[in-house]
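Novice: Got a structure here, written out as structure tokens. Questions coming.
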Amino acid sequence: MTAADAPYRAGFVALVGRPNVGKSTLLNAILGRKVAIATPKPQTTRNVIRGIYHAPNGQLILVDTPGIHRPRTKLAERMVKAAETQMKDVDLLWHIVDISRPPREEDERVAKACAQVKTPTWLLANKVDLVRDPEPLLVGYLRLGDYPRHYLISAETGAGLDQLVADALAAMPEGFRYYPDEVVTDQPEDFYIAEVIREKVLLFLAQEIPHSVAVLVEERTRRSERLVYVRASIVVERDSQKGIVIGEGGRMLRRIGEASRLELEAYYGHAVYLDLWVKVRKRWRDQEEWLRRFGFSESGSS
Ligand SMILES: Nc1nc2c(ncn2[C@@H]2O[C@H](COP(=O)(O)OP(=O)(O)OP(=O)(O)O)[C@@H](O)[C@H]2O)c(=O)[nH]1
Ligand SMILES: [Mg+2]
């Protein structure tokens, strides 16, 4: 049978794992463009994001999910629930682990959750570029669950990804395309803009502040063919955090704004006027109204 006669296959693959193992980096690497933000800080991803990989004879709908961990806020609870909910509705699970570090309790929790939903699960040992001999740790990871296949990959260098994608496509059910060819992600434009800004906050600010931060696009207006105006708020939980986000003489806010604007201009291919504000909403991460505004409904889907 030639490739042209091969049946069209399409299906859903959920990328699950503890925080910081490289799920979002892997999504971007497979798609060949940035769809999800990825940073060295754990709990970067908060919402479920779909990225669509198009092949001549098939389609993979890759579902990036928040890292599974022990939640300490209502927001974190919703994040974990959103990830676990996705696991039920897919054709294949990729349990992604960081092969440069030994398994942790959180990896065990993910493996158990995969086993419970009974969806076939492949183990993806990511960050293989960081280790000389992955075998000893791989043995420990393989013991966590029942993995019919496992792959040593690097989302950073691309090692092992072609084989992984080819095998995943072959494992999808025969069917029709879910998304038209030009669609690469399901996220609304304002959500993507907010994420780009939140990524800069994660990258530029110290450990504890980013978790208290959310970003809301309040207005987006096309001023001309070559200029879009965006007004966005960086929401924090305390006055002291507001001061830190703004920085001495407004320096930090300018840095966040500048880096975000440059990235958004590259995305749009023209000028962006970015008007950034900082707002305090006390304990927003535990308040239903604010969680809803940021897309975390009680039902768990995000
Ligand atoms: N060396 C190396 N670093 C990687 C690789 N994949 C991801 N990283 C880095 O690991 C960090 C975490 O990556 P993310 O993609 O944000 O991880 P995540 O699993 O999506 O994390 P959460 O969204 O917090 O659950 C980033 O600093 C990435 O650059 C890899 O294959 N090799
Ligand atoms: Mg992520």
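How things are named: the first chain in the structure tokens is A, the next is B, and so on; residues count from 1 in each chain; ligands count from 1 in the order shown.
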Kindly work out which residues sit at most 10 Å from ligand 1, using only C-alpha atoms and all ligand atoms, and give the list as a ChimeraX atom specification.
Specialist: /A:15-29,36-48,64-69,79-80,83,96-100,125-131,152-159,199,203
Novice: Using only C-alpha atoms, which residues sit within 12 Å of stretch 172-176 of chain A once same-chain residues fewer than 4 positions away are excluded, as a list in words?
Specialist: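 Here the qualifying residues turn out to be Ala6, Pro7, Tyr8, Arg9, Ala10, Gly11, Phe12, Val13, Asn57, Gly58, Gln59, Leu60, Ile61, Leu62, Val90, Asp91, Leu92, Leu93, Pro120, Val165, Ala166, Asp167, Ala168 and Pro180 of chain A.
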Novice: So which residues of stretch 89-247 of chain A fall under strand (DSSP E or B) by DSSP, listed as a tab-separated table (two decimals) with C-alpha atoms, in the first residue's frame?
Specialist:
```tsv
chain	number	residue	atom	x	y	z
A	92	LEU	CA	-3.94	8.32	23.54
A	93	LEU	CA	-2.14	9.64	26.60
A	94	TRP	CA	1.44	10.76	26.65
A	95	HIS	CA	2.80	10.66	30.18
A	96	ILE	CA	5.73	13.03	29.97
A	97	VAL	CA	8.53	12.79	32.53
A	98	ASP	CA	11.86	14.56	33.06
A	121	THR	CA	-0.51	5.52	27.72
A	122	TRP	CA	2.97	5.95	26.31
A	123	LEU	CA	5.82	7.08	28.50
A	124	LEU	CA	7.80	9.98	27.04
A	125	ALA	CA	11.14	10.42	28.77
A	126	ASN	CA	11.90	14.04	27.90
A	149	ARG	CA	5.56	2.01	24.38
A	150	HIS	CA	8.16	4.43	25.61
A	151	TYR	CA	10.27	7.05	23.89
A	152	LEU	CA	13.43	8.91	24.77
A	174	GLU	CA	-9.59	6.12	11.00
A	185	THR	CA	-4.69	26.12	17.83
A	214	ALA	CA	-3.09	36.70	36.02
A	215	VAL	CA	-3.41	38.78	32.88
A	216	LEU	CA	-6.61	40.08	31.36
A	217	VAL	CA	-6.93	41.75	27.96
A	218	GLU	CA	-9.48	44.52	28.54
A	219	GLU	CA	-9.54	46.01	25.05
A	220	ARG	CA	-8.18	45.16	21.65
A	221	THR	CA	-8.88	47.61	18.85
A	222	ARG	CA	-7.52	47.66	15.33
A	223	ARG	CA	-6.44	51.25	14.81
A	224	SER	CA	-5.25	50.70	11.23
A	227	LEU	CA	-1.48	48.92	14.18
A	228	VAL	CA	-3.42	47.15	16.87
A	229	TYR	CA	-4.08	48.71	20.28
A	230	VAL	CA	-4.16	46.39	23.29
A	231	ARG	CA	-5.03	47.38	26.86
A	232	ALA	CA	-4.28	44.67	29.39
A	233	SER	CA	-4.22	44.35	33.16
A	234	ILE	CA	-1.75	42.37	35.19
A	235	VAL	CA	-3.75	41.23	38.22
A	236	VAL	CA	-1.95	40.53	41.50
```
Novice: Which is closest to A:Leu164 among A:Ile30, A:Ala259, A:Lys242, A:Phe294, if we use only C-alpha atoms?
Specialist: A:Ile30
Novice: Between A:Arg238, A:Arg33, A:Arg285, A:Arg251, which has the minimum distance to A:Thr73 (counting only C-alpha atoms)?
Specialist: A:Arg285
Novice: Given the choices A:Arg109, A:Arg293, A:Arg254, A:Arg261, which gets closest to A:Trp277 if the distance is worked out from only C-alpha atoms?
Specialist: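 Ranked by minimum distance to A:Trp277, first place goes to A:Arg254.
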